[in-house]
file run_2.txt (compact mmCIF, C-alpha atoms and all ligand atoms)
# COMPACT_ATOMS: atom_id res chain seq x y z
CA MET A 1 0.00 0.00 0.00
CA ALA A 2 1.43 3.40 -0.93
CA LYS A 3 1.93 5.55 2.14
CA LEU A 4 1.85 9.30 2.58
CA THR A 5 5.29 10.14 3.87
CA GLU A 6 7.15 13.24 5.01
CA LYS A 7 3.95 14.95 6.08
CA THR A 8 4.44 17.98 8.25
CA GLU A 9 2.53 18.08 11.50
CA ILE A 10 0.33 21.13 11.31
CA THR A 11 0.98 23.20 14.43
CA LEU A 12 0.23 26.65 15.70
CA GLY A 13 3.76 27.62 14.63
CA PRO A 14 5.06 31.15 14.17
CA LYS A 15 4.28 33.02 10.98
CA VAL A 16 6.85 32.75 8.19
CA PRO A 17 8.94 35.94 8.23
CA CYS A 18 9.34 37.84 4.94
CA SER A 19 10.87 41.29 4.60
CA TYR A 20 9.03 41.89 1.29
CA LYS A 21 5.60 41.20 2.79
CA GLU A 22 4.27 44.75 2.46
CA ASN A 23 5.12 45.05 -1.24
CA CYS A 24 5.32 41.62 -2.88
CA THR A 25 2.33 40.03 -4.66
CA GLY A 26 3.70 36.49 -4.37
CA CYS A 27 2.28 35.41 -0.99
CA GLN A 28 -1.13 36.45 0.28
CA TYR A 29 -1.29 34.59 3.62
CA LEU A 30 1.90 35.63 5.44
CA ASP A 31 -0.22 37.34 8.11
CA PHE A 32 -1.80 34.00 9.08
CA THR A 33 -0.29 31.19 11.10
CA TYR A 34 -0.08 27.96 9.15
CA SER A 35 -2.94 26.35 11.05
CA GLU A 36 -5.11 29.38 10.16
CA GLN A 37 -4.13 28.91 6.51
CA VAL A 38 -5.18 25.27 6.67
CA GLN A 39 -8.63 26.27 7.93
CA ILE A 40 -9.00 29.07 5.37
CA LYS A 41 -8.23 26.68 2.51
CA LYS A 42 -10.58 23.99 3.78
CA ASP A 43 -13.35 26.60 4.27
CA HIS A 44 -12.78 27.98 0.79
CA LEU A 45 -13.13 24.54 -0.78
CA ASN A 46 -16.17 23.67 1.35
CA LYS A 47 -17.87 26.87 0.22
CA LEU A 48 -17.17 26.01 -3.41
CA PHE A 49 -18.75 22.56 -2.88
CA ILE A 50 -21.81 24.15 -1.27
CA SER A 51 -22.11 26.69 -4.11
CA LYS A 52 -22.62 23.77 -6.52
CA ASN A 53 -24.80 21.68 -4.16
CA LEU A 54 -22.08 19.06 -3.90
CA SER A 55 -22.00 16.84 -0.83
CA PRO A 56 -18.67 15.02 -0.41
CA LEU A 57 -19.08 11.83 1.62
CA GLU A 58 -16.01 12.48 3.76
CA PRO A 59 -14.53 15.66 5.25
CA ILE A 60 -11.69 17.37 3.40
CA GLU A 61 -8.28 16.06 4.43
CA PHE A 62 -5.16 18.20 4.33
CA VAL A 63 -1.51 17.25 3.89
CA SER A 64 1.49 19.49 3.80
CA ALA A 65 5.11 18.99 2.85
CA GLY A 66 6.11 22.08 4.80
CA GLU A 67 5.02 25.59 5.74
CA ALA A 68 7.54 27.22 3.35
CA PHE A 69 10.69 26.55 1.29
CA LEU A 70 9.09 24.03 -1.08
CA ARG A 71 9.54 25.32 -4.62
CA ASP A 72 12.17 23.82 -6.92
CA ARG A 73 11.37 26.12 -9.83
CA LEU A 74 10.68 29.84 -9.92
CA ASP A 75 9.40 32.21 -12.58
CA PHE A 76 10.72 35.73 -12.08
CA SER A 77 10.61 38.78 -14.31
CA LEU A 78 13.52 41.02 -15.11
CA GLN A 79 12.86 44.75 -15.22
CA ASP A 80 15.84 47.04 -15.64
CA SER A 81 18.22 45.38 -13.19
CA ARG A 82 15.55 44.08 -10.83
CA LEU A 83 14.69 40.37 -10.75
CA GLY A 84 11.58 39.18 -8.93
CA LEU A 85 7.78 39.49 -8.87
CA TYR A 86 5.41 42.41 -9.39
CA ASP A 87 4.95 44.76 -6.48
CA LYS A 88 1.52 45.65 -5.16
CA ASP A 89 0.94 48.53 -7.59
CA ARG A 90 1.45 45.93 -10.38
CA LYS A 91 3.69 48.33 -12.30
CA ASN A 92 7.17 47.49 -11.11
CA ILE A 93 9.18 44.39 -10.44
CA LEU A 94 10.26 44.01 -6.84
CA ASP A 95 13.86 42.85 -6.62
CA LEU A 96 13.83 39.66 -4.52
CA GLU A 97 17.14 38.56 -3.07
CA VAL A 98 15.56 35.83 -0.99
CA CYS A 99 12.17 34.17 -1.09
CA ALA A 100 10.62 31.91 1.55
CA GLN A 101 8.91 29.92 -1.23
CA LEU A 102 12.19 28.50 -2.50
CA SER A 103 13.80 25.22 -1.52
CA PRO A 104 17.31 25.72 -0.05
CA ALA A 105 18.89 24.47 -3.29
CA LEU A 106 16.83 26.88 -5.42
CA GLN A 107 17.61 29.80 -3.08
CA GLU A 108 21.30 29.02 -3.45
CA TRP A 109 20.95 28.98 -7.23
CA LEU A 110 19.05 32.29 -7.19
CA THR A 111 21.77 33.93 -5.09
CA GLU A 112 24.43 32.75 -7.55
CA PHE A 113 22.35 33.72 -10.60
CA ARG A 114 21.73 37.23 -9.29
CA LYS A 115 25.45 38.07 -9.68
CA ILE A 116 24.90 38.38 -13.45
CA ARG A 117 24.35 41.93 -14.69
CA TRP A 118 21.81 41.77 -17.51
CA PRO A 119 22.19 44.30 -20.31
CA PHE A 120 18.46 44.08 -21.19
CA ALA A 121 15.50 46.10 -19.91
CA LYS A 122 13.14 43.17 -19.52
CA GLY A 123 12.59 39.44 -19.86
CA SER A 124 11.27 36.34 -18.12
CA ILE A 125 13.51 33.94 -16.27
CA ARG A 126 12.82 30.47 -14.92
CA LEU A 127 15.31 28.86 -12.58
CA ARG A 128 15.12 25.20 -11.72
CA VAL A 129 16.93 22.66 -9.65
CA GLY A 130 16.60 19.00 -10.55
CA PRO A 131 16.34 15.97 -8.25
CA GLU A 132 20.16 15.66 -8.05
CA GLY A 133 20.62 19.38 -7.49
CA GLN A 134 21.29 20.14 -11.19
CA LYS A 135 20.87 23.82 -11.98
CA GLY A 136 18.97 25.10 -14.99
CA VAL A 137 17.78 28.38 -16.42
CA TRP A 138 15.28 29.23 -19.13
CA LEU A 139 15.83 32.73 -20.54
CA ASP A 140 12.75 34.00 -22.32
CA PHE A 141 13.78 37.30 -23.91
CA ALA A 142 12.74 39.21 -27.01
CA ASN A 143 14.41 37.94 -30.20
CA VAL A 144 16.55 41.05 -30.49
CA ASP A 145 17.87 40.50 -26.94
CA ILE A 146 18.54 36.80 -27.59
CA LYS A 147 20.62 37.81 -30.60
CA ALA A 148 22.53 40.34 -28.46
CA LEU A 149 23.08 37.69 -25.75
CA LEU A 150 24.55 35.23 -28.27
CA GLU A 151 26.83 37.95 -29.63
CA GLU A 152 27.92 39.18 -26.20
CA GLN A 153 29.19 35.62 -25.45
CA ASN A 154 30.56 36.15 -21.91
CA ILE A 155 27.29 35.85 -19.99
CA LEU A 156 26.40 32.58 -21.73
CA LYS A 157 29.91 31.17 -21.30
CA GLU A 158 29.83 31.86 -17.54
CA LEU A 159 26.26 30.57 -17.19
CA GLN A 160 27.01 27.33 -18.99
CA LYS A 161 29.86 26.60 -16.59
CA VAL A 162 27.35 26.22 -13.77
CA ALA A 163 23.95 25.49 -15.33
CA PHE A 164 22.03 24.09 -18.26
CA VAL A 165 20.62 26.94 -20.39
CA GLU A 166 17.47 27.06 -22.52
CA ILE A 167 16.54 30.07 -24.61
CA GLY A 168 13.32 31.56 -25.97
CA GLN A 169 9.82 30.24 -26.53
CA ARG A 170 11.27 27.42 -28.61
CA ARG A 171 13.47 26.35 -25.69
CA LYS A 172 16.59 26.13 -27.85
CA VAL A 173 19.94 25.24 -26.33
CA PRO A 174 22.97 27.48 -27.01
CA PHE A 175 26.26 25.83 -27.95
CA TRP A 176 29.71 27.21 -28.67
CA THR A 177 31.07 26.32 -32.09
CA GLY A 178 34.58 27.50 -31.28
CA THR A 179 34.00 30.92 -32.78
CA GLU A 180 30.40 31.81 -31.95
CA PHE A 181 27.22 30.72 -30.13
CA LYS A 182 24.51 28.95 -32.10
CA LEU A 183 21.19 27.45 -31.02
CA ARG A 184 20.30 23.79 -31.28
CA ASP A 185 17.00 21.93 -30.77
CA PRO A 186 15.50 21.50 -27.27
CA GLN A 187 17.04 18.78 -25.10
CA LEU A 188 15.36 16.46 -22.63
CA ASN A 189 17.03 16.05 -19.26
CA VAL A 190 16.00 14.77 -15.84
CA TRP A 191 14.47 17.87 -14.24
CA PHE A 192 11.79 16.13 -12.21
CA GLN A 193 10.89 12.80 -10.65
CA THR A 194 7.81 10.79 -9.87
CA TRP A 195 7.33 8.16 -7.20
CA LEU A 196 6.46 4.48 -7.32
CA GLY A 197 6.00 3.93 -3.60
CA GLU A 198 9.33 4.85 -2.00
CA ARG A 199 11.14 4.57 -5.30
CA ALA A 200 11.95 7.74 -7.24
CA VAL A 201 11.74 7.49 -11.04
CA ASP A 202 13.43 10.02 -13.35
CA LEU A 203 11.23 12.21 -15.52
CA TYR A 204 12.78 13.79 -18.61
CA CYS A 205 11.61 17.22 -19.70
CA GLN A 206 12.82 20.75 -20.38
CA ILE A 207 13.40 23.49 -17.84
CA ALA A 208 10.45 25.23 -19.50
CA SER A 209 8.15 22.19 -19.28
CA PHE A 210 5.15 22.05 -16.97
CA THR A 211 6.02 20.19 -13.78
CA GLN A 212 4.53 20.37 -10.33
CA PRO A 213 6.35 23.12 -8.40
CA SER A 214 7.94 21.06 -5.64
CA LEU A 215 9.80 17.75 -5.68
CA LYS A 216 8.93 17.21 -2.02
CA ALA A 217 5.18 17.94 -2.27
CA ASN A 218 4.97 15.84 -5.44
CA LYS A 219 5.83 12.75 -3.42
CA LEU A 220 2.61 13.21 -1.43
CA ILE A 221 0.61 13.64 -4.64
CA CYS A 222 2.03 10.50 -6.25
CA ALA A 223 1.40 8.43 -3.10
CA THR A 224 -2.27 9.46 -3.06
CA ILE A 225 -2.83 8.78 -6.76
CA ALA A 226 -1.19 5.34 -6.40
CA ASP A 227 -3.26 4.58 -3.30
CA TRP A 228 -6.54 5.41 -5.03
CA VAL A 229 -5.74 3.61 -8.29
CA GLN A 230 -4.65 0.57 -6.29
CA SER A 231 -8.11 0.39 -4.73
CA PHE A 232 -9.49 -0.46 -8.22
CA PRO A 233 -7.13 -3.31 -9.14
CA ARG A 234 -6.26 -3.92 -12.78
CA SER A 235 -8.45 -1.15 -14.08
CA ARG A 236 -8.32 0.35 -17.54
CA VAL A 237 -7.61 4.06 -17.07
CA LEU A 238 -8.05 7.01 -19.41
CA GLU A 239 -5.84 9.96 -18.44
CA PHE A 240 -6.44 13.57 -19.45
CA GLY A 241 -3.37 15.85 -19.32
CA SER A 242 -0.61 13.35 -18.69
CA GLY A 243 2.12 15.93 -19.38
CA ILE A 244 5.51 14.32 -18.76
CA GLY A 245 3.93 11.32 -17.02
CA ASN A 246 4.12 12.40 -13.38
CA LEU A 247 0.80 10.72 -12.49
CA THR A 248 0.91 8.22 -15.35
CA LEU A 249 3.76 6.15 -13.95
CA PRO A 250 2.32 5.67 -10.43
CA THR A 251 -0.99 4.77 -12.12
CA LEU A 252 0.66 2.26 -14.48
CA CYS A 253 1.95 0.31 -11.48
CA TYR A 254 -1.55 -0.78 -10.45
CA ALA A 255 -3.68 -0.35 -13.59
CA GLU A 256 -4.23 -2.94 -16.31
CA ASN A 257 -3.44 -0.23 -18.84
CA VAL A 258 -3.43 3.55 -19.25
CA VAL A 259 -4.37 5.63 -22.28
CA ALA A 260 -2.52 8.93 -21.78
CA CYS A 261 -4.00 11.95 -23.61
CA GLU A 262 -1.91 15.10 -23.90
CA ILE A 263 -1.77 18.12 -26.19
CA ASP A 264 1.88 19.12 -25.72
CA GLU A 265 4.31 17.41 -28.08
CA LEU A 266 7.45 18.23 -26.07
CA SER A 267 5.93 16.85 -22.86
CA LEU A 268 5.11 13.62 -24.66
CA GLN A 269 8.66 13.37 -26.00
CA GLY A 270 9.74 13.64 -22.37
CA LEU A 271 7.31 10.93 -21.30
CA GLN A 272 8.56 8.64 -24.07
CA LYS A 273 12.20 9.19 -23.03
CA SER A 274 11.32 8.51 -19.38
CA LEU A 275 9.64 5.25 -20.43
CA ASP A 276 12.64 4.28 -22.58
CA ASN A 277 14.98 4.94 -19.65
CA LEU A 278 13.03 3.03 -17.00
CA PRO A 279 15.20 0.65 -14.97
CA GLY A 280 15.11 -2.93 -16.25
CA ASP A 281 12.62 -4.28 -13.71
CA LEU A 282 10.15 -1.48 -14.54
CA GLN A 283 10.36 -1.94 -18.33
CA PRO A 284 7.14 -4.04 -18.42
CA LEU A 285 5.21 -0.85 -17.51
CA LYS A 286 5.88 0.33 -21.07
CA ASN A 287 3.62 -2.40 -22.41
CA LYS A 288 0.66 -1.02 -20.48
CA ILE A 289 0.60 2.52 -21.88
CA THR A 290 -0.83 4.00 -25.05
CA ILE A 291 -0.05 7.64 -25.76
CA HIS A 292 -2.46 9.85 -27.70
CA ARG A 293 -1.45 13.32 -28.74
CA GLY A 294 -4.14 15.89 -29.51
CA ASP A 295 -6.45 18.56 -28.20
CA PHE A 296 -8.85 16.50 -26.12
CA GLN A 297 -11.21 19.44 -25.78
CA LYS A 298 -11.91 19.01 -29.48
CA LYS A 299 -11.13 15.37 -30.09
CA LEU A 300 -14.31 13.86 -28.71
CA THR A 301 -13.92 10.40 -30.15
CA GLN A 302 -12.77 8.55 -27.05
CA ASP A 303 -15.12 5.78 -25.99
CA PHE A 304 -15.37 6.21 -22.24
CA SER A 305 -17.36 2.99 -21.89
CA SER A 306 -14.21 0.90 -22.44
CA PHE A 307 -12.54 2.34 -19.31
CA ASP A 308 -12.96 1.53 -15.63
CA GLY A 309 -11.63 4.87 -14.49
CA ILE A 310 -10.62 8.37 -15.55
CA LEU A 311 -7.63 10.29 -14.20
CA ALA A 312 -7.77 14.00 -14.95
CA ASN A 313 -5.31 16.77 -14.14
CA PRO A 314 -6.53 19.57 -16.39
CA PRO A 315 -5.26 23.13 -16.81
CA ARG A 316 -6.98 25.98 -14.93
CA SER A 317 -9.84 26.04 -17.44
CA GLY A 318 -10.97 22.56 -16.34
CA LEU A 319 -12.22 19.69 -18.47
CA MET A 320 -14.92 21.47 -20.50
CA ASN A 321 -15.69 19.49 -23.69
CA PHE A 322 -13.64 16.48 -22.60
CA LEU A 323 -16.61 15.45 -20.45
CA THR A 324 -19.18 15.55 -23.24
CA PRO A 325 -18.71 11.92 -24.43
CA LEU A 326 -19.12 10.77 -20.81
CA GLU A 327 -22.45 12.60 -20.54
CA ASP A 328 -23.63 10.96 -23.75
CA LEU A 329 -23.31 7.45 -22.26
CA SER A 330 -25.93 5.62 -20.25
CA ALA A 331 -25.28 5.47 -16.48
CA GLU A 332 -24.05 1.86 -16.44
CA GLN A 333 -21.66 2.44 -19.36
CA ARG A 334 -19.77 5.15 -17.48
CA PRO A 335 -16.42 4.34 -15.82
CA GLN A 336 -16.66 3.33 -12.19
CA PHE A 337 -14.25 5.91 -10.78
CA PHE A 338 -12.93 9.38 -11.53
CA ILE A 339 -9.75 10.77 -9.99
CA TYR A 340 -9.48 14.52 -10.40
CA MET A 341 -6.49 16.69 -9.49
CA SER A 342 -6.63 20.46 -9.79
CA CYS A 343 -4.84 23.62 -8.70
CA PHE A 344 -7.90 25.66 -9.66
CA PRO A 345 -10.86 24.48 -7.57
CA GLU A 346 -13.27 26.99 -9.16
CA SER A 347 -13.25 25.11 -12.49
CA MET A 348 -12.99 21.75 -10.69
CA VAL A 349 -16.36 22.24 -8.94
CA GLU A 350 -17.93 23.19 -12.29
CA ASP A 351 -16.77 19.80 -13.58
CA PHE A 352 -17.92 18.08 -10.37
CA ALA A 353 -21.44 19.46 -10.90
CA ARG A 354 -21.49 17.77 -14.31
CA LEU A 355 -20.03 14.56 -12.88
CA SER A 356 -22.62 14.61 -10.12
CA ALA A 357 -25.35 14.83 -12.78
CA CYS A 358 -23.72 11.74 -14.38
CA GLY A 359 -24.15 9.82 -11.11
CA TYR A 360 -20.73 10.29 -9.50
CA THR A 361 -20.35 11.07 -5.80
CA ILE A 362 -17.30 12.64 -4.20
CA GLN A 363 -15.80 10.00 -1.94
CA LYS A 364 -12.50 11.51 -0.83
CA THR A 365 -11.04 15.00 -1.01
CA LEU A 366 -7.47 15.85 -0.12
CA ILE A 367 -5.77 19.22 -0.21
CA VAL A 368 -2.06 18.85 -0.89
CA ASP A 369 -0.65 22.21 0.09
CA GLN A 370 1.92 22.80 -2.62
CA PHE A 371 1.59 26.56 -2.25
CA PRO A 372 1.87 27.41 1.47
CA GLN A 373 1.64 31.11 2.42
CA THR A 374 -0.48 31.75 -0.68
CA ALA A 375 -4.19 31.49 -1.44
CA HIS A 376 -3.51 28.61 -3.85
CA TYR A 377 -3.76 24.90 -3.14
CA GLU A 378 -3.89 21.59 -4.98
CA VAL A 379 -6.96 19.35 -4.63
CA LEU A 380 -7.13 15.62 -5.26
CA SER A 381 -10.55 14.01 -5.35
CA LEU A 382 -11.82 10.50 -5.79
CA LEU A 383 -15.34 10.19 -7.22
CA GLN A 384 -17.27 7.00 -7.71
CA ARG A 385 -20.32 6.12 -9.76
CA LYS A 386 -23.26 5.13 -7.64
C1 LIG B 401 -1.82 20.68 -14.78
S1 LIG B 401 -0.90 19.98 -16.10
C2 LIG B 401 -0.72 18.33 -15.54
C3 LIG B 401 0.47 17.55 -16.02
C4 LIG B 401 0.82 16.28 -15.25
N1 LIG B 401 -0.35 15.56 -14.80
C5 LIG B 401 1.76 16.54 -14.11
O1 LIG B 401 1.43 16.22 -12.95
O2 LIG B 401 2.87 17.05 -14.36
C6 LIG B 401 -2.16 19.87 -17.32
C7 LIG B 401 -1.75 19.16 -18.59
O3 LIG B 401 -2.89 19.15 -19.47
C8 LIG B 401 -2.42 19.35 -20.79
N2 LIG B 401 -3.55 19.87 -21.59
C9 LIG B 401 -4.06 21.12 -21.57
N3 LIG B 401 -5.09 21.23 -22.44
C10 LIG B 401 -5.21 20.02 -23.04
C11 LIG B 401 -6.09 19.51 -24.05
N4 LIG B 401 -7.00 20.29 -24.61
N5 LIG B 401 -5.95 18.23 -24.43
C12 LIG B 401 -4.98 17.44 -23.85
N6 LIG B 401 -4.13 17.88 -22.90
C13 LIG B 401 -4.24 19.15 -22.49
C14 LIG B 401 -1.27 20.35 -20.61
O4 LIG B 401 -0.41 20.38 -21.74
C15 LIG B 401 -0.61 19.84 -19.33
O5 LIG B 401 0.39 18.89 -19.62
call {"tool": "encode", "arguments": {"input": "run_2.txt", "output": "structure tokens", "more": "lines below"}}
Ligand SMILES: C[S@@+](CC[C@H](N)C(=O)[O-])C[C@H]1O[C@@H](n2cnc3c(N)ncnc32)[C@H](O)[C@@H]1O
result
Amino acid sequence: MAKLTEKTEITLGPKVPCSYKENCTGCQYLDFTYSEQVQIKKDHLNKLFISKNLSPLEPIEFVSAGEAFLRDRLDFSLQDSRLGLYDKDRKNILDLEVCAQLSPALQEWLTEFRKIRWPFAKGSIRLRVGPEGQKGVWLDFANVDIKALLEEQNILKELQKVAFVEIGQRRKVPFWTGTEFKLRDPQLNVWFQTWLGERAVDLYCQIASFTQPSLKANKLICATIADWVQSFPRSRVLEFGSGIGNLTLPTLCYAENVVACEIDELSLQGLQKSLDNLPGDLQPLKNKITIHRGDFQKKLTQDFSSFDGILANPPRSGLMNFLTPLEDLSAEQRPQFFIYMSCFPESMVEDFARLSACGYTIQKTLIVDQFPQTAHYEVLSLLQRK
């Protein structure tokens, strides 16, 4: 049985100190103790359930991987020589030397990265640390600035001594030819990991790829997904929004097979590389997965009646048209269970109202607090057909 590990006991601890509190837009709940934040988040979700006449069978559970210092990737903006997040007037970037959201390894990388003097007025910067502490940066600048960066040479040479670098919307990788910098196609590296019980499994992707924000909190998510899938042994599962396979692999362990549906080509290349690089004893998992690439808001051909369960982790907009084929089936043709994970509970409850009309009841609800000190939270729910 998969176990939730490394949970933090929720105590009436002191508030997390932050010297940017009065000006930064990043964290909204710094004035609350962590136990107050837990209650606020549970109340918020309960109110959303009530607003849609939803009656979960069990009370909302809450797990935390920590009250701060969780993030292993950050997205900061550069404005003149300031690097950070928007201040409260939403006009200027607040220069953030330290941030209580960052894991110790990411804070260390930020401190090192901040020594660079950027010759550009603005841009977007993602910093990442991988499971082995690898450092990465995605520089998303205007084309004219990318050209200037390649020509300037020194910044890139110094950066590449300490980190892997990706550039621009197309996530190209700079390389030195001996006389100049050129850009080559995106590369897949191990920037994230998923969990099969206590065993970490490498996930290949780009620095710019979607991943959950925290390696530590992700372990709690994977344990829950595995636990719930395991309670429906050998089921045939249809997954919406597999991305790089973070939930797919824990699901594959217990499911008969998984059909993974995903729109993003680069994420699927990552998933394929992760499957190809599975350790020998896990190779049989590859035989249980089928990957479908497409826009599954538009591609309404999937026959839900051939699945025992659905696993959905949609973007903020929710499932929308993906649910239409399910509504078109008769009650007994519909899959027995529905596992839904969302960081945007407002669209999730819209989808739950539709699932409720299809005969599903909310059995379990778990908040995994990936975003402590902020108003955001991740929800995992298990629904079952009556
Ligand atoms: C919240 S992410 C979840 C990714 C993955 N489950 C994870 O834990 O890393 C949502 C995923 O849904 C995908 N997605 C968004 N719209 C989609 C669509 N219309 N059809 C298929 N996939 C879509 C995104 O590309 C993204 O990978």
call {"tool": "closest_residue", "arguments": {"input": "run_2.txt", "among": "A:Gly136, A:Gly178, A:Pro250, A:Gly123", "to": "Leu220 (chain A)", "atoms": "only C-alpha atoms"}}
result
A:Pro250
call {"tool": "residues_near_ligand", "arguments": {"input": "run_2.txt", "ligand": "ligand LIG 401 (chain B)", "cutoff": "7 Å", "atoms": "only C-alpha atoms and all ligand atoms", "output": "PyMOL selection string"}}
result
chain A and resi 210-212+240-247+261-264+267+294-297+313-315+342
call {"tool": "atom_distance", "arguments": {"input": "run_2.txt", "atom1": "CA of Ala200 (chain A)", "atom2": "CA of Asp72 (chain A)"}}
result
16.1 Å
call {"tool": "atom_distance", "arguments": {"input": "run_2.txt", "atom1": "CA of Lys219 (chain A)", "atom2": "CA of Asp351 (chain A)"}}
result
25.8 Å
call {"tool": "atom_distance", "arguments": {"input": "run_2.txt", "atom1": "CA of Glu350 (chain A)", "atom2": "CA of Ala255 (chain A)"}}
result
27.5 Å
call {"tool": "closest_residue", "arguments": {"input": "run_2.txt", "among": "A:Glu346, A:Glu198, A:Glu61, A:Glu378", "to": "Lys47 (chain A)", "atoms": "all atoms listed in the file"}}
result
A:Glu346
call {"tool": "closest_residue", "arguments": {"input": "run_2.txt", "among": "A:Arg170, A:Arg71, A:Arg117, A:Arg316", "to": "Ala105 (chain A)", "atoms": "only C-alpha atoms"}}
result
A:Arg71
call {"tool": "residues_around", "arguments": {"input": "run_2.txt", "residues": "Val259 (chain A)", "least_positions_apart": "2", "cutoff": "12 Å", "atoms": "all atoms listed in the file", "output": "PyMOL selection string"}}
result
chain A and resi 235-242+245+248-249+251-252+255-257+261-262+286-293+302-304+306-312
call {"tool": "residues_around", "arguments": {"input": "run_2.txt", "residues": "Lys216 (chain A)", "least_positions_apart": "3", "cutoff": "10 Å", "atoms": "all atoms listed in the file", "output": "ChimeraX atom specification"}}
result
/A:5-7,64-66,70-72,103,131,193,212-213,219-221,370
call {"tool": "residues_around", "arguments": {"input": "run_2.txt", "residues": "region 19-30 of chain A", "least_positions_apart": "3", "cutoff": "10 Å", "atoms": "only C-alpha atoms", "output": "ChimeraX atom specification"}}
result
/A:15-16,33-34,36-37,40,84-90,93-101,371-376
call {"tool": "residues_around", "arguments": {"input": "run_2.txt", "residues": "Tyr204 (chain A)", "least_positions_apart": "2", "cutoff": "8 Å", "atoms": "all atoms listed in the file", "output": "list in words"}}
result
Leu188, Asn189, Val190, Trp191, Phe192, Asp202, Gln206, Ile244, Gly270, Leu271, Lys273 and Ser274 of chain A
call {"tool": "closest_residue", "arguments": {"input": "run_2.txt", "among": "A:Leu48, A:Asp185, A:Asp31, A:Lys298", "to": "Pro345 (chain A)", "atoms": "only C-alpha atoms"}}
result
A:Leu48
